[in-house]
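Asker: Mind looking over this structure? Questions follow.
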Amino acid sequence: MQSLNSASKPMHARVFDLFFNENNPNGFHASVSRWTTALILLNLLAMVLETADAFELAYAAQLNAFETFSVVVFTIEYLLRWFVAPADPEFASSRYTRLRFMGSRYAIIDLLAILPFYLASLLSVDLRLLRALRLFRIFKVTATLLPAYQAFKQSTAGMTRRQQVHALMFPAGDARAGLPVMVDLFLIFWICLSTLSIVLESVDSIRSNFELHFFILDTTAFVLFTVEYVLRIYSSAENDPNRSTAARWKFGTSLSGLIDLVSILPFLLEALLTSLIDLRFLRIVRLVRLLKLGRYNKSTATLFMVIRRELPVLMASSFIMMMLVFITAAMGYLLERSAQPDKFENIPTAMYWAIITLASVGYGDITPITAGGRFLTVVLALLGIGVFAIPAAIMSSAFTDQLRAEREQALKTNQNENPSGADHEVQLMASNPEFALARYRNLLNQMREVAAVSDHALISQRLADTGQPAEREVWKHVQSHW
């Protein structure tokens, strides 16, 4: 029925429902918004890279290709929004819907974002100054950000400020949508960007060209992650409002809280103590920011849960592994010490050889030359295949079991909350009049069946005793017609 209704709609209404109607659960509105936002952020990154003359000269062709691709995408988006304007509730009430769209705030921003490219292509003048207009692309994000903020503000109406911050920083369940998702995506973008900058900063040729850029980016990342950490500490008190200090301490000492703290400490220590101690080595510690991504990936929590559950077995296998390492290291030391005193000078050095052999890596930097040492190496390598396979097999099996249990639990929860797909039906009736009409007619047929086979007198008596006035009126109508 829904497909028949869609086919009866004009083309612009169908395109609007498919790409831009946020109330259509079967559309691509969320995907369009997400990918458009990602492309805008990448454009801003490209603009920053262009400010380095050496980089712009080296990668001019790639930057121009990316700019062309971006303009094509933004132009298609602008034209589609112009085309579907008559179906957009924001402009549908106007007589000249498309003209009203062109005069709207977001349409003007969209036009200014692509206009410099076409002006530079059509006019034979230097329009490099107009390229600054590409900064208007950042305002395209507000097209999705403002509605999400308004929806979040409405959903958290009546909450205290701390509760609102908690809902934003620690979303759960249905709350993990709208503005909280945008905040998460923004933080993920900065985590990835700052991690990439740390890696690229280690290349001398890149650092020399982008030293100022790296400093600005690192300072911005430090400010953002510090604000995030402060907000999480502040709002974590909602986990136990009666003992807010204890709740904050619990979050601050948790693995997630410690990762957040360590990700901002190197910048702070280097800024405060650089005149006293050379702390440039701490810059590599900033890579801890990459661990912050674990907060946004459920698989990380699943992995830690599996490790906790299988910890006794893992500890037992690790104990056996360490015993084998100590024993074989001692034997290798006794067998090879006289033949290779420089390589098997003590048991700790022999332990390195034992671990490398047991793990079947075999770098070859330490190799036994005596018959006994070689025989021990063969035995150790064969044992290593089974010893290292035990914890790997345990983790693989436990991880699979946990994923299956989570899927079954999610399916059971979904069935309990929505056993007959009622929520989906309500959404369809709200967005699809044809489906609502078909549902109405189906209910009428059911009422006709009830009237045809039931005891009218008994039902009338029961409704007279306990029924609502509306129920009695409907039943009288059913009796009189069927």
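As shown in the structure tokens, the chain order sets the letters A, B, ...; within each chain, residues go from 1, and ligands are also counted from 1 in the order they appear.
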List as a ChimeraX atom specification the protein and nucleic acid residues near segment 56-58 of chain A, meaning an atom at most 12 Å away when only C-alpha atoms are counted, but skip any in the same chain fewer than 4 places from it.
Answerer: /A:46-52,62-64,206,209-210
Asker: Please produce an output containing N, CA and C atoms for each residue in the selection, written as a PDB file, in the first residue's frame.
Answerer:
```
ATOM      1  N   ALA A  46      40.876  20.511   4.015  1.00  0.00           N
ATOM      2  CA  ALA A  46      41.600  20.790   2.774  1.00  0.00           C
ATOM      3  C   ALA A  46      41.981  22.262   2.677  1.00  0.00           C
ATOM      4  N   MET A  47      41.100  23.157   3.128  1.00  0.00           N
ATOM      5  CA  MET A  47      41.406  24.588   3.103  1.00  0.00           C
ATOM      6  C   MET A  47      42.583  24.920   4.015  1.00  0.00           C
ATOM      7  N   VAL A  48      42.646  24.242   5.149  1.00  0.00           N
ATOM      8  CA  VAL A  48      43.770  24.460   6.055  1.00  0.00           C
ATOM      9  C   VAL A  48      45.067  23.983   5.414  1.00  0.00           C
ATOM     10  N   LEU A  49      45.032  22.833   4.757  1.00  0.00           N
ATOM     11  CA  LEU A  49      46.239  22.302   4.116  1.00  0.00           C
ATOM     12  C   LEU A  49      46.707  23.203   2.982  1.00  0.00           C
ATOM     13  N   GLU A  50      45.774  23.864   2.311  1.00  0.00           N
ATOM     14  CA  GLU A  50      46.138  24.751   1.211  1.00  0.00           C
ATOM     15  C   GLU A  50      46.934  25.967   1.668  1.00  0.00           C
ATOM     16  N   THR A  51      46.837  26.295   2.942  1.00  0.00           N
ATOM     17  CA  THR A  51      47.562  27.471   3.438  1.00  0.00           C
ATOM     18  C   THR A  51      49.067  27.236   3.504  1.00  0.00           C
ATOM     19  N   ALA A  52      49.477  25.970   3.419  1.00  0.00           N
ATOM     20  CA  ALA A  52      50.912  25.657   3.354  1.00  0.00           C
ATOM     21  C   ALA A  52      51.327  25.621   1.888  1.00  0.00           C
ATOM     22  N   GLN A  62      45.477  16.997  -6.739  1.00  0.00           N
ATOM     23  CA  GLN A  62      44.571  16.263  -5.844  1.00  0.00           C
ATOM     24  C   GLN A  62      43.609  17.205  -5.142  1.00  0.00           C
ATOM     25  N   LEU A  63      44.114  18.360  -4.718  1.00  0.00           N
ATOM     26  CA  LEU A  63      43.249  19.332  -4.049  1.00  0.00           C
ATOM     27  C   LEU A  63      42.180  19.868  -5.000  1.00  0.00           C
ATOM     28  N   ASN A  64      42.565  20.116  -6.241  1.00  0.00           N
ATOM     29  CA  ASN A  64      41.583  20.602  -7.220  1.00  0.00           C
ATOM     30  C   ASN A  64      40.544  19.533  -7.531  1.00  0.00           C
ATOM     31  N   ILE A 206      57.329  17.013   6.701  1.00  0.00           N
ATOM     32  CA  ILE A 206      55.964  17.498   6.898  1.00  0.00           C
ATOM     33  C   ILE A 206      55.909  18.490   8.055  1.00  0.00           C
ATOM     34  N   ASN A 209      56.893  22.074   7.224  1.00  0.00           N
ATOM     35  CA  ASN A 209      55.926  22.857   6.450  1.00  0.00           C
ATOM     36  C   ASN A 209      54.664  23.199   7.235  1.00  0.00           C
ATOM     37  N   PHE A 210      54.357  22.385   8.234  1.00  0.00           N
ATOM     38  CA  PHE A 210      53.084  22.551   8.952  1.00  0.00           C
ATOM     39  C   PHE A 210      53.280  22.723  10.460  1.00  0.00           C
TER      40      PHE A 210
END
```
Asker: Skipping near chain neighbours, those fewer than 6 positions away, what residues fall within 10 Å of Glu90 of chain A using only C-alpha atoms, listed as a list in words?
Answerer: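 Contacts, with the query itself left out: Thr97, Arg100, Phe101 and Ser104 of chain A.
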Asker: Find the residues near Gln163 of chain A: any atom within 9 Å, counting only C-alpha atoms, skip ones fewer than 5 places away on the same chain, and give them as a ChimeraX atom specification.
Answerer: /A:156,168,235,238
Asker: Quick one: residues within 8 Å of segment 9-24 of chain A, only C-alpha atoms, excluding same-chain residues fewer than 5 positions away - as a list in words?
Answerer: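 Residues meeting the cut-off are His29, Ala30, Val32, Arg81, Phe83, Val84, Ala85, Pro86, Ala87, Asp88 and Ser431 of chain A.
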Asker: Write the residues you've just listed into a file as an mmCIF file, in the first residue's frame, and include C-alpha atoms for each of them.
Answerer:
```
data_model
loop_
_atom_site.group_PDB
_atom_site.id
_atom_site.type_symbol
_atom_site.label_atom_id
_atom_site.label_comp_id
_atom_site.auth_asym_id
_atom_site.auth_seq_id
_atom_site.Cartn_x
_atom_site.Cartn_y
_atom_site.Cartn_z
ATOM 1 C CA HIS A 29 17.689 11.639 5.376
ATOM 2 C CA ALA A 30 20.047 10.568 8.166
ATOM 3 C CA VAL A 32 22.500 12.348 3.556
ATOM 4 C CA ARG A 81 16.470 20.893 -2.517
ATOM 5 C CA PHE A 83 13.378 20.812 -6.942
ATOM 6 C CA VAL A 84 11.635 19.356 -3.859
ATOM 7 C CA ALA A 85 10.798 22.737 -2.287
ATOM 8 C CA PRO A 86 7.036 22.365 -3.048
ATOM 9 C CA ALA A 87 6.990 19.202 -0.899
ATOM 10 C CA ASP A 88 8.979 20.743 1.964
ATOM 11 C CA SER A 431 3.296 9.783 7.239
#
```
Asker: I'd like the interatomic distance between atom CA of Ile327 of chain A and atom CA of Ile347 of chain A, to a tenth of an Å.
Answerer: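 Between atom CA of Ile327 of chain A and atom CA of Ile347 of chain A the gap works out to 9.9 Å.
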Asker: Quick one, how far is atom CA of Ile390 of chain A from atom CA of Thr357 of chain A?
Answerer: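 These atoms are spaced 16.6 Å apart.
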Asker: Find the residue from A:Leu79, A:Ala451, A:Leu287, A:Ile188 that sits nearest to His477 of chain A; use only C-alpha atoms when measuring.
Answerer: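 Of all the options, A:Ala451 lies closest to His477 of chain A.
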Asker: In Å, how far is it from atom CA of Ser121 of chain A to atom CA of Ala54 of chain A?
Answerer: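 Atom CA of Ala54 of chain A lies at a distance of 24.0 Å from atom CA of Ser121 of chain A.
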Asker: Could you write out, as a count of residues only, all the residues of segment 114-273 of chain A that DSSP marks as alpha helix (DSSP H)?
Answerer: 115
